[in-house]
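Here's structure.csv, which has CSV, C-alpha atoms:
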chain,number,residue,atom,x,y,z
E,1,MET,CA,4.6,-4.4,14.6
E,2,ASN,CA,6.3,-5.1,11.3
E,3,THR,CA,6.5,-8.6,9.9
E,4,PRO,CA,9.9,-9.7,8.6
E,5,SER,CA,11.0,-8.3,5.3
E,6,LYS,CA,11.2,-10.5,2.2
E,7,SER,CA,13.7,-9.6,-0.4
E,8,LEU,CA,13.7,-10.8,-4.0
E,9,ARG,CA,16.8,-10.2,-6.2
E,10,GLN,CA,17.2,-10.5,-9.9
E,11,ASP,CA,20.9,-10.8,-10.9
E,12,ASP,CA,21.4,-14.1,-12.7
E,13,ARG,CA,22.6,-12.7,-16.0
E,14,PRO,CA,26.2,-11.6,-16.4
E,15,GLY,CA,26.3,-7.8,-16.4
E,16,ALA,CA,22.6,-7.6,-15.6
E,17,PRO,CA,21.4,-4.6,-13.5
E,18,LEU,CA,20.6,-5.6,-10.0
E,19,LEU,CA,17.1,-5.3,-8.8
E,20,GLN,CA,16.1,-5.7,-5.2
E,21,VAL,CA,12.5,-5.7,-4.1
E,22,THR,CA,11.8,-5.8,-0.4
E,23,SER,CA,8.3,-6.3,1.1
E,24,THR,CA,7.4,-5.3,4.6
E,25,SER,CA,4.0,-5.3,6.2
E,26,ALA,CA,2.4,-4.0,9.3
E,27,PRO,CA,-0.6,-6.4,9.7
E,28,GLY,CA,-4.0,-4.6,9.5
E,29,SER,CA,-2.3,-1.4,8.5
E,30,ALA,CA,-0.2,-1.4,5.3
E,31,ALA,CA,2.2,-3.3,3.1
E,32,ILE,CA,5.3,-1.6,1.8
E,33,ILE,CA,7.3,-2.6,-1.2
E,34,GLN,CA,10.7,-1.0,-1.7
E,35,VAL,CA,12.2,-1.1,-5.1
E,36,CYS,CA,16.0,-0.6,-5.5
E,37,GLY,CA,17.9,-0.8,-8.7
E,38,ASP,CA,16.8,-1.1,-12.3
E,39,VAL,CA,13.5,-2.4,-13.6
E,40,ASP,CA,13.5,-3.4,-17.3
E,41,GLN,CA,12.0,-6.2,-19.4
E,42,ASN,CA,14.4,-8.7,-17.8
E,43,THR,CA,13.7,-7.8,-14.2
E,44,ARG,CA,10.1,-6.8,-14.3
E,45,ARG,CA,8.9,-10.3,-13.2
E,46,THR,CA,10.5,-9.7,-9.8
E,47,LEU,CA,8.5,-6.6,-9.3
E,48,ASP,CA,5.3,-8.2,-10.7
E,49,ASP,CA,5.7,-11.1,-8.2
E,50,ALA,CA,6.0,-8.8,-5.2
E,51,LEU,CA,3.1,-6.7,-6.2
E,52,ALA,CA,0.9,-9.7,-6.9
E,53,LYS,CA,1.7,-11.2,-3.5
E,54,ALA,CA,0.9,-8.0,-1.8
E,55,ILE,CA,-2.5,-7.8,-3.5
E,56,VAL,CA,-3.3,-11.4,-2.5
E,57,ASP,CA,-2.6,-10.5,1.1
E,58,ARG,CA,-5.2,-7.6,0.8
E,59,PRO,CA,-3.7,-5.0,3.0
E,60,PRO,CA,-5.8,-1.9,3.6
E,61,LEU,CA,-3.0,0.2,2.0
E,62,LEU,CA,-0.2,-0.7,-0.3
E,63,VAL,CA,2.8,1.6,-0.6
E,64,VAL,CA,5.3,1.2,-3.4
E,65,ASP,CA,8.5,3.1,-2.4
E,66,LEU,CA,10.5,3.9,-5.6
E,67,ALA,CA,13.1,6.1,-3.9
E,68,GLY,CA,15.8,3.6,-4.6
E,69,LEU,CA,14.8,3.1,-8.3
E,70,VAL,CA,17.7,3.8,-10.5
E,71,PHE,CA,16.2,3.1,-13.9
E,72,CYS,CA,12.6,2.7,-14.9
E,73,TYR,CA,12.0,1.2,-18.4
E,74,SER,CA,8.5,1.4,-19.8
E,75,THR,CA,7.8,-2.2,-18.6
E,76,CYS,CA,8.2,-0.9,-15.0
E,77,ILE,CA,5.5,1.8,-15.7
E,78,ASN,CA,3.3,-0.9,-17.2
E,79,ALA,CA,3.7,-3.1,-14.2
E,80,LEU,CA,2.7,-0.2,-11.9
E,81,ILE,CA,-0.3,0.6,-14.0
E,82,ALA,CA,-1.4,-3.1,-14.0
E,83,ASP,CA,-0.9,-3.3,-10.3
E,84,ARG,CA,-3.1,-0.2,-9.7
E,85,ARG,CA,-5.9,-1.7,-11.7
E,86,CYS,CA,-5.7,-5.0,-9.7
E,87,ARG,CA,-5.5,-3.1,-6.4
E,88,ARG,CA,-8.6,-1.1,-7.3
E,89,ALA,CA,-10.5,-4.3,-8.2
E,90,SER,CA,-9.4,-5.8,-4.9
E,91,GLY,CA,-10.3,-2.8,-2.8
E,92,VAL,CA,-6.7,-2.1,-1.8
E,93,ARG,CA,-5.7,1.6,-1.6
What's the structure tokens form of this structure?
Amino acid sequence: MNTPSKSLRQDDRPGAPLLQVTSTSAPGSAAIIQVCGDVDQNTRRTLDDALAKAIVDRPPLLVVDLAGLVFCYSTCINALIADRRCRRASGVR
């Protein structure tokens, strides 16, 4: 059974690209983070926050779905690499 989704949006600057990060979990199974929109230096914090929360919850598996990603600035790649290191240290696949 899936738990309710939580969506974080970053769109407080005029003309800023919209980022939507949705977290869903199936307790004891997996956490899924869906990323839609643009991730750049101004929106990375939203992604970082969702990834950090998922690691704290320590699911057996964390899936980051980037199918809806429109633009991935280097800060997005850095966030994903940092997340991978934290997941490994926490024992999350």
Requested in this report: Rank nothing, just name the residue among E:Gly91, E:Pro27, E:Gln41, E:Ile32 nearest to Leu66 in chain E, using all atoms listed in the file.
Outcome: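 Of all the options, E:Ile32 lies closest to Leu66 in chain E.
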Query raised in the report: Could you name the residues that touch Asp40 in chain E at 9 Å or less, counting all atoms listed in the file, but leaving out those on the same chain fewer than 5 positions away, as number ranges by chain?
Result: E: 17, 71-76
**Report entry** Residue with smallest distance to Pro60 in chain E - pool E:Thr22, E:Thr46, E:Ser29, E:Asn78, counting all atoms listed in the file
**Finding:**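 Selected residue with least distance to Pro60 in chain E: E:Ser29.
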Query raised in the report: Skipping near chain neighbours, those fewer than 5 positions away, what residues fall within 8 Å of Arg87 in chain E using only C-alpha atoms, listed as JSON, numbers by chain?
Result: {"E": [55, 92, 93]}
Query raised in the report: Suppose you want the space between CA of Val64 in chain E and CA of Ile33 in chain E; what is it in Å?
Result: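 Distance between the two atoms: 4.8 Å.
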Requested in this report: Tell me which of E:Ala89, E:Ala52, E:Val21, E:Leu61 sits closest to Val39 in chain E, counting all atoms listed in the file.
Outcome: E:Val21
Report task. Please measure the separation of CA of Arg58 in chain E and CA of Leu80 in chain E, giving the value in Å to one decimal. Result ->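 Pair CA of Arg58 in chain E / CA of Leu80 in chain E returns 16.7 Å.
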Query raised in the report: Which value, in Å to one decimal, gives the distance between CA of Gln34 in chain E and CA of Asp65 in chain E?
Result: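 CA of Asp65 in chain E lies at a distance of 4.7 Å from CA of Gln34 in chain E.
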Query - Within 8 Å of file point (3.6, -2.8, -6.5), counting only C-alpha atoms, expressed as a list in words - result: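 Residues found, by chain and rising number: Ile33, Leu47, Asp48, Ala50, Leu51, Ala52, Ala54, Leu62, Val63, Val64, Ala79, Leu80, Asp83 and Arg84 of chain E.
Comparing E:Ala82, E:Val70, E:Cys36, E:Ala31 by their smallest distance to Leu19 in chain E, the closest is E:Cys36 (using all atoms listed in the file).
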